[in-house]
>>> print(open('final21.txt').read())   # compact mmCIF, C-alpha atoms
# COMPACT_ATOMS: atom_id res chain seq x y z
CA MET A 298 -0.01 38.35 52.88
CA ALA A 299 3.30 38.30 51.10
CA ILE A 300 4.02 41.04 48.58
CA GLU A 301 3.82 39.60 45.06
CA LYS A 302 3.85 42.07 42.19
CA ARG A 303 4.39 39.63 39.33
CA ARG A 304 1.86 39.27 36.53
CA ALA A 305 2.01 36.40 34.05
CA THR A 306 1.53 38.41 30.86
CA ALA A 307 1.73 41.98 29.61
CA ALA A 308 -2.04 41.87 29.08
CA GLU A 309 -2.59 41.06 32.76
CA ALA A 310 -0.11 43.74 33.71
CA VAL A 311 -2.03 46.52 31.93
CA ALA A 312 -5.50 45.27 32.90
CA GLY A 313 -7.81 48.00 34.18
CA ILE A 314 -6.21 51.01 32.44
CA SER A 315 -9.25 53.02 31.50
CA ASP A 316 -10.37 55.66 29.00
CA GLY A 317 -9.08 59.13 29.71
CA SER A 318 -6.01 57.98 31.65
CA THR A 319 -2.78 59.95 31.72
CA VAL A 320 -0.07 57.42 30.83
CA PHE A 321 3.69 57.87 31.22
CA ILE A 322 5.87 55.88 28.81
CA SER A 323 9.59 55.65 29.60
CA GLY A 324 12.41 55.25 27.11
CA PHE A 325 14.81 57.50 25.28
CA ALA A 326 17.03 57.14 22.24
CA GLY A 327 16.26 53.42 21.85
CA ALA A 328 16.93 52.36 25.44
CA GLY A 329 14.23 51.55 27.98
CA PHE A 330 11.12 51.68 25.81
CA ALA A 331 8.33 49.73 27.51
CA ASN A 332 7.28 48.37 24.13
CA SER A 333 5.63 45.14 25.31
CA LEU A 334 3.41 47.04 27.72
CA VAL A 335 2.58 49.63 25.07
CA ALA A 336 1.55 46.83 22.68
CA ALA A 337 -0.64 45.33 25.41
CA LEU A 338 -2.22 48.74 26.05
CA ARG A 339 -3.00 49.07 22.36
CA ASP A 340 -4.68 45.63 22.45
CA LEU A 341 -6.60 46.56 25.61
CA GLY A 342 -7.85 49.59 23.71
CA PRO A 343 -8.59 52.42 26.17
CA ARG A 344 -9.21 55.72 24.37
CA ASN A 345 -8.88 59.42 25.05
CA LEU A 346 -5.45 58.89 26.61
CA THR A 347 -2.96 61.61 27.45
CA LEU A 348 0.55 60.28 26.83
CA VAL A 349 3.51 61.72 28.69
CA VAL A 350 6.43 60.46 26.62
CA ASN A 351 9.73 62.09 25.70
CA SER A 352 9.23 61.60 21.96
CA ALA A 353 5.94 61.18 20.12
CA THR A 354 7.75 59.87 17.08
CA HIS A 355 10.84 57.82 17.99
CA ARG A 356 11.23 55.06 15.43
CA LEU A 357 12.17 52.42 18.02
CA SER A 358 9.20 53.11 20.31
CA ASN A 359 5.74 51.55 19.91
CA THR A 360 4.14 54.82 21.00
CA HIS A 361 3.07 55.46 17.40
CA GLU A 362 0.82 52.37 17.51
CA LEU A 363 -1.35 53.94 20.20
CA ILE A 364 -1.44 57.17 18.19
CA GLU A 365 -2.29 55.43 14.91
CA ALA A 366 -5.04 53.43 16.65
CA GLY A 367 -6.73 56.72 17.59
CA GLN A 368 -6.40 56.07 21.33
CA VAL A 369 -4.57 59.30 22.13
CA ARG A 370 -6.14 62.70 22.79
CA LYS A 371 -3.01 64.57 23.83
CA VAL A 372 0.76 64.14 23.92
CA ILE A 373 3.10 65.89 26.37
CA CYS A 374 6.68 65.50 25.10
CA SER A 375 9.95 67.25 24.24
CA ALA A 376 10.15 65.97 20.64
CA ALA A 377 7.41 65.41 18.10
CA ARG A 378 9.32 65.53 14.84
CA GLY A 379 9.16 62.43 12.67
CA HIS A 380 12.35 60.84 11.42
CA ASP A 381 11.38 61.00 7.78
CA LYS A 382 11.83 64.41 6.16
CA SER A 383 9.54 63.71 3.22
CA GLU A 384 6.73 61.80 4.93
CA LEU A 385 4.81 62.84 8.04
CA SER A 386 4.73 60.49 11.03
CA ALA A 387 1.47 59.19 12.51
CA PHE A 388 1.61 61.90 15.13
CA GLU A 389 2.39 64.69 12.64
CA LYS A 390 -0.52 63.73 10.38
CA LEU A 391 -3.04 63.81 13.23
CA HIS A 392 -1.55 67.01 14.62
CA LYS A 393 -1.70 68.72 11.22
CA ASP A 394 -5.40 67.82 11.01
CA GLY A 395 -6.05 69.12 14.53
CA LYS A 396 -6.96 65.65 15.80
CA ILE A 397 -4.40 65.43 18.57
CA GLU A 398 -3.32 67.98 21.16
CA LEU A 399 0.36 68.69 21.76
CA GLU A 400 2.24 70.21 24.66
CA VAL A 401 5.97 70.57 24.09
CA LEU A 402 8.32 71.06 27.02
CA PRO A 403 12.09 71.39 27.16
CA GLN A 404 13.38 67.93 28.07
CA GLY A 405 14.77 69.05 31.44
CA THR A 406 11.46 70.70 32.30
CA PHE A 407 9.59 67.61 31.11
CA VAL A 408 11.50 65.34 33.51
CA GLU A 409 11.71 67.81 36.39
CA SER A 410 7.94 68.36 36.24
CA ILE A 411 7.47 64.60 36.52
CA ARG A 412 10.05 64.34 39.30
CA ALA A 413 8.33 67.18 41.18
CA GLY A 414 4.95 65.53 40.67
CA GLY A 415 6.22 62.33 42.21
CA ALA A 416 7.91 64.17 45.06
CA GLY A 417 4.90 66.17 46.21
CA ILE A 418 6.05 69.51 44.77
CA PRO A 419 3.16 71.19 42.90
CA ALA A 420 5.27 73.65 40.89
CA TYR A 421 8.82 74.97 40.71
CA PHE A 422 10.86 77.76 39.13
CA THR A 423 13.35 76.91 36.38
CA PRO A 424 15.63 79.11 34.25
CA THR A 425 14.99 76.89 31.22
CA GLY A 426 12.82 78.37 28.50
CA PHE A 427 12.71 81.91 29.88
CA GLY A 428 12.09 84.38 27.04
CA THR A 429 11.06 81.66 24.56
CA ASP A 430 7.78 80.75 22.87
CA LEU A 431 7.52 77.58 24.96
CA THR A 432 6.93 79.52 28.17
CA THR A 433 4.69 82.30 26.82
CA GLY A 434 2.03 83.19 29.39
CA LYS A 435 3.73 81.40 32.26
CA GLU A 436 4.50 83.24 35.49
CA THR A 437 8.10 84.45 35.78
CA ARG A 438 10.14 85.68 38.69
CA ARG A 439 13.63 87.07 39.16
CA PHE A 440 15.87 85.47 41.78
CA GLY A 441 19.23 87.20 42.12
CA GLU A 442 20.56 87.97 38.65
CA ARG A 443 18.41 85.52 36.69
CA ASP A 444 14.86 85.15 35.45
CA TYR A 445 12.90 81.96 36.07
CA VAL A 446 9.66 80.43 34.83
CA LEU A 447 7.07 78.78 37.09
CA GLU A 448 6.38 75.27 35.80
CA PRO A 449 3.60 73.03 37.14
CA ALA A 450 4.32 69.45 38.19
CA ILE A 451 3.01 66.53 36.14
CA THR A 452 1.30 63.55 37.75
CA GLY A 453 -0.52 60.71 36.06
CA ASP A 454 -2.54 57.55 36.38
CA VAL A 455 -0.16 54.93 34.98
CA ALA A 456 3.55 54.60 34.20
CA LEU A 457 4.81 51.98 31.76
CA ILE A 458 8.52 51.49 32.29
CA ARG A 459 11.25 49.08 31.24
CA ALA A 460 13.94 47.71 33.55
CA ASP A 461 16.49 44.91 33.60
CA THR A 462 15.68 42.87 36.72
CA ALA A 463 12.99 42.86 39.39
CA ASP A 464 12.34 40.96 42.59
CA ARG A 465 8.90 40.19 44.03
CA TRP A 466 8.96 43.40 46.06
CA GLY A 467 9.15 45.38 42.82
CA ASN A 468 12.70 46.57 43.36
CA LEU A 469 14.33 47.27 40.01
CA THR A 470 17.73 47.48 38.39
CA PHE A 471 18.34 49.04 35.00
CA ARG A 472 20.83 48.18 32.29
CA HIS A 473 22.97 50.97 30.81
CA ALA A 474 20.90 53.89 29.51
CA GLN A 475 17.59 52.10 30.14
CA MET A 476 16.94 54.06 33.30
CA ASN A 477 16.29 57.49 31.72
CA PHE A 478 12.73 58.62 32.61
CA GLY A 479 11.69 55.39 34.39
CA PRO A 480 12.38 56.32 38.02
CA ALA A 481 10.81 59.78 37.77
CA MET A 482 7.73 58.45 35.96
CA ALA A 483 7.31 55.62 38.49
CA THR A 484 7.12 58.14 41.32
CA ALA A 485 4.56 60.36 39.58
CA ALA A 486 2.02 57.68 38.60
CA LYS A 487 -0.70 56.14 40.76
CA LEU A 488 0.03 52.76 39.14
CA THR A 489 3.50 51.80 37.88
CA ILE A 490 3.95 48.76 35.68
CA ALA A 491 7.44 47.52 34.81
CA GLU A 492 8.43 45.11 32.07
CA VAL A 493 11.76 43.46 32.85
CA ARG A 494 14.27 41.20 31.18
CA ALA A 495 14.55 38.83 34.13
CA PHE A 496 12.92 38.15 37.46
CA SER A 497 15.17 37.54 40.44
CA ASP A 498 13.96 34.83 42.83
CA THR A 499 16.24 36.19 45.49
CA PRO A 500 15.97 39.78 46.72
CA ILE A 501 18.08 42.22 44.71
CA PRO A 502 20.95 43.32 46.97
CA PRO A 503 19.61 46.47 48.66
CA ASP A 504 22.50 48.68 47.62
CA ARG A 505 22.07 47.62 43.98
CA VAL A 506 18.39 48.57 43.83
CA GLN A 507 18.03 51.57 41.49
CA LEU A 508 14.30 52.08 42.00
CA SER A 509 12.56 51.04 45.21
CA GLY A 510 9.65 48.67 44.87
CA VAL A 511 7.55 51.18 46.81
CA PHE A 512 7.16 52.96 43.46
CA VAL A 513 6.42 49.81 41.44
CA ASP A 514 3.05 48.01 41.50
CA ARG A 515 3.14 45.32 38.81
CA ILE A 516 5.94 43.45 37.06
CA VAL A 517 5.97 41.29 33.98
CA THR A 518 8.98 39.37 32.69
CA ILE A 519 9.44 39.91 28.97
CA GLY A 520 12.97 38.66 28.31
CA ALA A 521 15.75 40.50 26.53
CA MET B 257 40.80 79.64 0.41
CA LYS B 258 37.78 77.35 0.72
CA PRO B 259 35.51 77.76 3.74
CA LEU B 260 35.95 75.09 6.41
CA ASN B 261 33.92 71.95 5.94
CA ARG B 262 31.85 70.67 8.86
CA LEU B 263 34.57 68.40 10.21
CA GLN B 264 37.14 71.20 10.01
CA MET B 265 34.71 73.39 11.95
CA ALA B 266 34.34 70.62 14.56
CA TRP B 267 38.15 70.36 14.69
CA ARG B 268 38.46 74.09 15.33
CA ALA B 269 36.00 74.00 18.23
CA GLY B 270 37.80 70.92 19.56
CA GLN B 271 41.03 72.91 19.87
CA ASP B 272 39.41 75.00 22.62
CA ILE B 273 38.41 72.02 24.78
CA THR B 274 40.79 71.72 27.72
CA ASP B 275 41.80 68.75 29.86
CA GLY B 276 39.28 67.92 32.58
CA MET B 277 36.28 69.69 31.07
CA VAL B 278 32.73 68.34 31.35
CA VAL B 279 31.25 68.78 27.88
CA ASN B 280 27.86 68.19 26.26
CA LEU B 281 27.81 67.96 22.47
CA GLY B 282 24.59 68.68 20.60
CA LEU B 283 23.14 66.46 17.89
CA GLY B 284 24.50 66.76 14.37
CA MET B 285 27.77 68.52 13.64
CA PRO B 286 28.78 69.10 17.31
CA VAL B 287 29.13 65.38 18.14
CA SER B 288 32.08 65.26 15.73
CA VAL B 289 34.02 67.56 18.06
CA SER B 290 34.83 64.55 20.28
CA ASP B 291 36.96 63.12 17.44
CA TYR B 292 39.29 66.12 17.73
CA VAL B 293 39.88 66.18 21.48
CA PRO B 294 43.39 64.85 22.29
CA ALA B 295 43.16 61.21 23.38
CA ASP B 296 45.19 61.81 26.54
CA PHE B 297 42.74 64.42 27.83
CA ASP B 298 40.28 63.38 30.53
CA VAL B 299 37.24 65.07 29.05
CA VAL B 300 33.86 63.91 30.38
CA MET B 301 31.30 63.83 27.59
CA GLN B 302 27.83 64.16 29.10
CA SER B 303 24.76 63.01 27.22
CA GLU B 304 21.27 64.13 28.25
CA ASN B 305 20.02 60.55 28.57
CA GLY B 306 22.25 60.08 31.59
CA ILE B 307 25.50 58.72 30.17
CA ILE B 308 28.28 60.62 31.89
CA GLY B 309 31.47 59.66 30.06
CA VAL B 310 30.46 58.79 26.49
CA GLY B 311 33.26 57.12 24.53
CA PRO B 312 33.67 56.54 20.79
CA LEU B 313 30.91 54.94 18.70
CA ALA B 314 30.63 51.18 19.26
CA SER B 315 31.85 48.82 16.56
CA ALA B 316 29.09 46.82 14.86
CA ASN B 317 29.69 43.70 16.94
CA ALA B 318 30.06 45.56 20.23
CA ALA B 319 26.98 47.75 19.69
CA ASP B 320 24.42 47.41 22.49
CA PRO B 321 20.88 48.75 22.05
CA ASP B 322 20.78 49.75 25.73
CA LEU B 323 24.01 51.74 25.46
CA VAL B 324 23.08 54.78 23.41
CA ASP B 325 23.63 58.52 23.56
CA ALA B 326 20.89 61.14 23.31
CA GLY B 327 21.17 61.00 19.53
CA SER B 328 20.30 57.26 19.53
CA ARG B 329 23.86 56.38 18.48
CA ARG B 330 25.26 53.16 19.93
CA VAL B 331 28.29 54.23 21.89
CA THR B 332 30.93 52.95 24.30
CA LEU B 333 31.77 54.16 27.79
CA ARG B 334 34.98 55.89 28.79
CA PRO B 335 36.85 54.70 31.89
CA GLY B 336 35.30 56.50 34.84
CA ALA B 337 31.87 56.71 33.24
CA ALA B 338 28.64 56.74 35.23
CA ILE B 339 25.03 56.24 34.21
CA ILE B 340 22.28 58.20 35.92
CA ASP B 341 18.61 58.88 35.26
CA SER B 342 17.19 61.78 33.26
CA ALA B 343 16.22 63.84 36.30
CA GLY B 344 19.81 63.61 37.55
CA SER B 345 21.21 64.33 34.11
CA PHE B 346 19.20 67.54 33.84
CA ALA B 347 20.04 68.50 37.42
CA MET B 348 23.64 68.31 36.22
CA ILE B 349 22.81 70.53 33.25
CA ARG B 350 20.49 73.03 34.95
CA GLY B 351 22.64 73.18 38.07
CA GLY B 352 25.60 74.56 36.12
CA HIS B 353 27.83 71.48 36.25
CA ILE B 354 28.50 71.38 32.50
CA ASP B 355 31.59 73.43 31.58
CA VAL B 356 30.69 73.83 27.94
CA THR B 357 27.95 72.77 25.57
CA ILE B 358 28.54 72.93 21.84
CA LEU B 359 25.33 73.31 19.87
CA GLY B 360 24.27 73.70 16.29
CA ALA B 361 22.18 76.77 15.50
CA PHE B 362 20.09 78.55 12.90
CA GLU B 363 20.75 82.05 14.22
CA VAL B 364 22.70 83.87 16.94
CA ALA B 365 22.08 87.49 17.94
CA SER B 366 24.78 89.96 18.97
CA ASN B 367 23.43 89.91 22.55
CA GLY B 368 23.95 86.12 22.70
CA ASP B 369 20.35 85.07 22.01
CA LEU B 370 20.24 81.62 20.39
CA ALA B 371 17.72 80.17 17.93
CA ASN B 372 18.33 76.48 17.25
CA TRP B 373 15.19 74.47 17.89
CA ASP B 374 12.46 75.38 15.42
CA ASN B 375 13.27 76.09 11.82
CA ARG B 376 9.61 76.14 10.89
CA ILE B 377 9.30 73.20 8.53
CA PRO B 378 5.64 73.11 7.46
CA ASP B 379 3.61 70.35 9.16
CA LYS B 380 6.66 68.79 10.83
CA GLY B 381 6.39 68.53 14.59
CA PRO B 382 8.60 70.54 16.93
CA LEU B 383 11.87 69.13 18.29
CA VAL B 384 13.23 70.91 21.34
CA GLY B 385 14.81 68.05 23.31
CA GLY B 386 17.41 69.21 25.81
CA ALA B 387 18.66 72.24 23.89
CA MET B 388 16.81 74.82 26.00
CA ASP B 389 18.16 73.43 29.26
CA LEU B 390 21.71 73.22 27.91
CA ALA B 391 21.62 76.70 26.40
CA ALA B 392 20.15 78.27 29.54
CA SER B 393 22.45 76.69 32.10
CA ALA B 394 25.74 75.32 30.73
CA ARG B 395 28.60 77.47 32.01
CA ALA B 396 29.58 78.25 28.41
CA VAL B 397 27.57 77.86 25.21
CA TRP B 398 29.54 77.55 21.99
CA VAL B 399 27.81 77.44 18.64
CA LEU B 400 28.97 75.57 15.57
CA MET B 401 27.21 76.76 12.40
CA GLU B 402 27.82 77.94 8.87
CA HIS B 403 28.25 81.70 8.69
CA ASN B 404 25.43 82.09 6.16
CA THR B 405 22.22 80.32 5.18
CA ARG B 406 22.05 78.26 1.98
CA LYS B 407 20.52 81.28 0.30
CA GLY B 408 23.41 83.44 1.49
CA GLY B 409 21.57 85.29 4.25
CA PRO B 410 23.28 86.10 7.55
CA ARG B 411 22.90 83.81 10.59
CA LEU B 412 24.65 86.27 12.91
CA LEU B 413 22.10 88.99 13.50
CA GLU B 414 21.17 91.96 15.68
CA ARG B 415 18.05 90.01 16.69
CA CYS B 416 17.01 86.45 15.92
CA ALA B 417 14.01 86.10 13.60
CA LEU B 418 13.38 82.43 14.48
CA PRO B 419 11.97 81.30 17.86
CA LEU B 420 14.55 81.53 20.64
CA THR B 421 16.10 78.59 22.44
CA ALA B 422 17.51 80.76 25.25
CA VAL B 423 18.32 84.42 25.81
CA ARG B 424 21.83 85.92 26.15
CA CYS B 425 23.59 82.59 26.39
CA VAL B 426 26.06 82.18 23.50
CA LYS B 427 29.69 82.90 24.33
CA ARG B 428 31.47 81.80 21.15
CA ILE B 429 30.63 81.00 17.53
CA TYR B 430 32.68 78.80 15.21
CA THR B 431 31.63 79.29 11.60
CA ASP B 432 33.09 78.08 8.32
CA ILE B 433 34.90 81.40 7.89
CA ALA B 434 35.46 82.90 11.36
CA VAL B 435 35.75 82.44 15.11
CA ILE B 436 33.71 85.05 16.93
CA SER B 437 32.92 85.70 20.59
CA VAL B 438 29.89 87.45 22.02
CA THR B 439 30.79 90.32 24.36
CA ALA B 440 28.78 92.96 26.19
CA ASP B 441 29.47 95.16 23.13
CA GLY B 442 28.41 92.57 20.54
CA PHE B 443 30.33 90.33 18.14
CA LEU B 444 34.12 90.27 18.44
CA VAL B 445 36.11 88.49 15.69
CA HIS B 446 39.16 86.46 16.77
CA GLU B 447 39.98 84.55 13.57
CA VAL B 448 39.06 84.96 9.90
CA LEU B 449 39.55 82.59 6.97
CA PRO B 450 42.51 83.74 4.82
CA GLY B 451 41.17 85.42 1.69
CA VAL B 452 38.07 86.77 3.41
CA SER B 453 38.49 90.50 4.01
CA ARG B 454 37.06 92.25 7.04
CA GLU B 455 34.69 94.07 4.71
CA GLU B 456 33.42 90.83 3.18
CA LEU B 457 33.00 89.24 6.62
CA GLN B 458 31.03 92.28 7.75
CA ALA B 459 28.91 92.19 4.58
CA ARG B 460 28.04 88.54 5.30
CA THR B 461 27.06 89.33 8.91
CA GLY B 462 23.80 90.91 10.06
CA ALA B 463 25.24 92.87 13.00
CA PRO B 464 28.33 95.08 13.55
CA LEU B 465 31.65 93.27 14.01
CA ALA B 466 34.62 94.37 16.08
CA PHE B 467 38.04 92.74 15.59
CA THR B 468 40.55 91.77 18.26
CA PRO B 469 43.91 93.59 17.97
CA ASP B 470 45.60 90.23 17.30
CA CYS B 471 42.90 88.86 14.96
CA ARG B 472 44.48 85.76 13.35
CA PRO B 473 43.99 83.69 10.21
CA LEU B 474 41.62 80.73 10.72
CA GLU B 475 43.57 77.46 10.37
CA THR B 476 42.36 74.90 7.85
CA PRO B 477 43.61 71.41 8.75
CA ALA B 478 43.57 68.70 6.05
CA ILE B 479 40.35 66.94 7.05
CA ALA B 480 38.09 65.76 4.24
CA LEU B 481 34.41 64.97 4.63
CA PRO B 482 33.63 61.28 4.15
CA ALA B 483 32.62 60.51 0.58
>>> encode(input="final21.txt", output="structure tokens")
Amino acid sequence: MAIEKRRATAAEAVAGISDGSTVFISGFAGAGFANSLVAALRDLGPRNLTLVVNSATHRLSNTHELIEAGQVRKVICSAARGHDKSELSAFEKLHKDGKIELEVLPQGTFVESIRAGGAGIPAYFTPTGFGTDLTTGKETRRFGERDYVLEPAITGDVALIRADTADRWGNLTFRHAQMNFGPAMATAAKLTIAEVRAFSDTPIPPDRVQLSGVFVDRIVTIGA
Amino acid sequence: MKPLNRLQMAWRAGQDITDGMVVNLGLGMPVSVSDYVPADFDVVMQSENGIIGVGPLASANAADPDLVDAGSRRVTLRPGAAIIDSAGSFAMIRGGHIDVTILGAFEVASNGDLANWDNRIPDKGPLVGGAMDLAASARAVWVLMEHNTRKGGPRLLERCALPLTAVRCVKRIYTDIAVISVTADGFLVHEVLPGVSREELQARTGAPLAFTPDCRPLETPAIALPA
């Protein structure tokens, strides 16, 4: 049977994501947020989710809608500070009241842990964070003249990513800074769902593919 | 003489950028440094989100929501730019391919320890971002910060009181009244604002200062803050 990864709607694309899932959400600094898929996940309504997302509070991401809807048990991120200095964000309110768990990682550790998870590496040593509160209690080792921290890989159930174009094999291209965490997250999830601007009826030229369709399971065309 | 304003501080740090450097500028005051790098220099501005070769801010009609830097600013690309993913961007950072990162800070210790990520605002969430990776692994870490806190307390200390970003990493500090390097023997002053005596500078600093034999006056170019 021919490979066909297209789904007609975002709702169909997120179908089956269940309570307790670990969900990656790509996007950084306004580019590459999988906001249509996040909205569909909110409507689907699974609870007790662990989100792996760079920022728990970015104003251009729909991540806060999942948090406000009470669907999120834990967030793993590198930034959880709301934009507004005088008012707390949805995440900050829940965190202050002890209703949501938080794990903060340096951004390079965040993405390398995901990359390692997708590449079959269970843990790795990094110099980042040595001697800081963020790595308290973690195993350390000296290699040569430097000290390193042992960081575990991160894997998950689902990745929601945004790309520019897809073909029916799931091959993806990204536009400008959209790529960010998408490729790493796609490798580390059991199920990767991509929302794209446009579907390509012809195969994407192989040397222009930025993420192989091997890592992508479902595609939905959202438009620009 | 008045202390340097934030743009004058950025200008001063910009004078030490050399042609061909790969540079990462932290959020806030450090991003202004790019305005003071000579236009004919080929300096590669790296942004953590994977833009290698960030150009000036985009004009309103050229702004593209997919073309942003790590600070969510809509930017342009310099000739020769490349765009990579986050894993590659941090491989570049952690692997020692960044010549210099210029970061804001709350505190720097005389052994080079840096505290710049958690200023303990009650109930606000933490914001670490890429600072720990940059501080740990850029080939040089320069800090841009006011010499003293708003209450007048020292930011240059024997030991940081705030949570650390990275240990023994800072090489140079550009403040509003001095340019100081971090050596194996502690803080070494290279430039001081005219009108600030060595005694006053020492009194405003929380760790012993040494002075270079050719310690110079800190230049104050005519750059006003925007109204």
>>> atom_distance(input="final21.txt", atom1="CA of Ala316 (chain B)", atom2="CA of Ser303 (chain B)")
20.8 Å
>>> residues_around(input="final21.txt", residues="Val511 (chain A)", least_positions_apart="3", cutoff="8 Å", atoms="all atoms listed in the file", output="PyMOL selection string")
chain A and resi 466-468+514
>>> interface_residues(input="final21.txt", of="chain B", to="chain A", cutoff="9 Å", atoms="only C-alpha atoms", output="compact mmCIF listing (two decimals) with C-alpha atoms, keeping the file's coordinate frame")
# COMPACT_ATOMS: atom_id res chain seq x y z
CA GLU B 304 21.27 64.13 28.25
CA ASN B 305 20.02 60.55 28.57
CA GLY B 306 22.25 60.08 31.59
CA ILE B 307 25.50 58.72 30.17
CA PRO B 321 20.88 48.75 22.05
CA ASP B 322 20.78 49.75 25.73
CA LEU B 323 24.01 51.74 25.46
CA VAL B 324 23.08 54.78 23.41
CA ASP B 325 23.63 58.52 23.56
CA ALA B 326 20.89 61.14 23.31
CA GLY B 327 21.17 61.00 19.53
CA SER B 328 20.30 57.26 19.53
CA ARG B 329 23.86 56.38 18.48
CA ILE B 339 25.03 56.24 34.21
CA ILE B 340 22.28 58.20 35.92
CA ASP B 341 18.61 58.88 35.26
CA SER B 342 17.19 61.78 33.26
CA ALA B 343 16.22 63.84 36.30
CA SER B 345 21.21 64.33 34.11
CA PHE B 346 19.20 67.54 33.84
CA ALA B 347 20.04 68.50 37.42
CA ILE B 349 22.81 70.53 33.25
CA ARG B 350 20.49 73.03 34.95
CA ASP B 379 3.61 70.35 9.16
CA LYS B 380 6.66 68.79 10.83
CA GLY B 381 6.39 68.53 14.59
CA PRO B 382 8.60 70.54 16.93
CA LEU B 383 11.87 69.13 18.29
CA VAL B 384 13.23 70.91 21.34
CA GLY B 385 14.81 68.05 23.31
CA GLY B 386 17.41 69.21 25.81
CA ALA B 387 18.66 72.24 23.89
CA MET B 388 16.81 74.82 26.00
CA ASP B 389 18.16 73.43 29.26
CA LEU B 390 21.71 73.22 27.91
CA ALA B 391 21.62 76.70 26.40
CA ALA B 392 20.15 78.27 29.54
CA SER B 393 22.45 76.69 32.10
CA PRO B 419 11.97 81.30 17.86
CA LEU B 420 14.55 81.53 20.64
CA THR B 421 16.10 78.59 22.44
CA ALA B 422 17.51 80.76 25.25
CA VAL B 423 18.32 84.42 25.81
>>> closest_residue(input="final21.txt", among="A:Ala305, A:Ala495, A:Leu391, A:Ala336", to="Arg370 (chain A)", atoms="all atoms listed in the file")
A:Leu391
>>> residues_around(input="final21.txt", residues="Ser497 (chain A)", least_positions_apart="2", cutoff="7 Å", atoms="all atoms listed in the file", output="list in words")
Thr462, Ala463, Asp464, Ala495, Thr499, Pro500 and Ile501 of chain A
>>> residues_near_point(input="final21.txt", point="(39.2, 84.4, 2.5)", cutoff="9 Å", atoms="all atoms listed in the file", output="NGL selection string")
:B and (257-259 or 433 or 448-453 or 456-457)
>>> write_last_selection(input="final21.txt", atoms="C-alpha atoms", output="short mmCIF file (atom, residue, chain, number, x, y, z; two decimals), keeping the file's coordinate frame")
data_model
loop_
_atom_site.label_atom_id
_atom_site.label_comp_id
_atom_site.auth_asym_id
_atom_site.auth_seq_id
_atom_site.Cartn_x
_atom_site.Cartn_y
_atom_site.Cartn_z
CA MET B 257 40.80 79.64 0.41
CA LYS B 258 37.78 77.35 0.72
CA PRO B 259 35.51 77.76 3.74
CA ILE B 433 34.90 81.40 7.89
CA VAL B 448 39.06 84.96 9.90
CA LEU B 449 39.55 82.59 6.97
CA PRO B 450 42.51 83.74 4.82
CA GLY B 451 41.17 85.42 1.69
CA VAL B 452 38.07 86.77 3.41
CA SER B 453 38.49 90.50 4.01
CA GLU B 456 33.42 90.83 3.18
CA LEU B 457 33.00 89.24 6.62
#
>>> atom_distance(input="final21.txt", atom1="CA of Leu338 (chain A)", atom2="CA of His361 (chain A)")
12.2 Å
>>> closest_residue(input="final21.txt", among="B:Asn372, B:Thr431, B:Asn261, B:Ser366", to="Ala466 (chain B)", atoms="only C-alpha atoms")
B:Ser366
>>> closest_residue(input="final21.txt", among="B:Ala459, B:Leu444, B:Ala361, B:Thr405", to="Gly282 (chain B)", atoms="all atoms listed in the file")
B:Ala361
>>> closest_residue(input="final21.txt", among="A:Pro449, A:Gly510, A:Gly441, A:Pro343", to="Tyr421 (chain A)", atoms="all atoms listed in the file")
A:Pro449
>>> closest_residue(input="final21.txt", among="B:Leu418, B:Phe467, B:Arg454, B:Ala266", to="Thr439 (chain B)", atoms="all atoms listed in the file")
B:Phe467
>>> closest_residue(input="final21.txt", among="A:Leu363, A:Leu341, A:Ile322, A:Leu469", to="Ala310 (chain A)", atoms="all atoms listed in the file")
A:Leu341
>>> atom_distance(input="final21.txt", atom1="CA of Arg472 (chain B)", atom2="CA of Val293 (chain B)")
21.7 Å
>>> closest_atom_pairs(input="final21.txt", of="region 284-379 of chain B", to="region 394-400 of chain B", cutoff="7 Å", atoms="only C-alpha atoms", output="tab-separated table")
residue	atom	partner	partner_atom	distance
B:Pro286	CA	B:Leu400	CA	6.7
B:Ile349	CA	B:Ala394	CA	6.2
B:Gly352	CA	B:Ala394	CA	5.4
B:Ile354	CA	B:Ala394	CA	5.1
B:Asp355	CA	B:Arg395	CA	5.0
B:Val356	CA	B:Ala396	CA	4.6
B:Thr357	CA	B:Val397	CA	5.1
B:Ile358	CA	B:Trp398	CA	4.7
B:Leu359	CA	B:Val399	CA	5.0
B:Gly360	CA	B:Leu400	CA	5.1
B:Ala361	CA	B:Val399	CA	6.5
>>> residues_around(input="final21.txt", residues="Ala463 (chain B)", least_positions_apart="2", cutoff="8 Å", atoms="all atoms listed in the file", output="list in words")
Ala365, Ser366, Leu412, Leu413, Glu414, Phe443, Gln458, Thr461 and Leu465 of chain B
>>> residues_around(input="final21.txt", residues="region 450-458 of chain A", least_positions_apart="5", cutoff="6 Å", atoms="all atoms listed in the file", output="list in words")
Ser318, Thr319, Val320, Phe321, Ile322, Ser323, Ala331, Ser410, Ile411, Ala413, Gly414, Pro419, Ala420, Gly479, Met482, Ala483, Ala485, Ala486, Lys487, Leu488, Thr489, Ile490 and Ala491 of chain A
>>> decode(input="final21.txt", residues="region 371-380 of chain A", atoms="C-alpha atoms", output="short mmCIF file (atom, residue, chain, number, x, y, z; two decimals), in the first residue's frame")
data_model
loop_
_atom_site.label_atom_id
_atom_site.label_comp_id
_atom_site.auth_asym_id
_atom_site.auth_seq_id
_atom_site.Cartn_x
_atom_site.Cartn_y
_atom_site.Cartn_z
CA LYS A 371 4.26 18.83 34.18
CA VAL A 372 6.29 21.11 31.93
CA ILE A 373 9.90 20.50 30.87
CA CYS A 374 11.28 23.73 29.38
CA SER A 375 14.10 26.28 29.41
CA ALA A 376 11.89 29.32 30.07
CA ALA A 377 8.82 29.68 32.24
CA ARG A 378 8.72 33.39 32.89
CA GLY A 379 5.62 35.24 31.74
CA HIS A 380 5.96 38.32 29.57
#
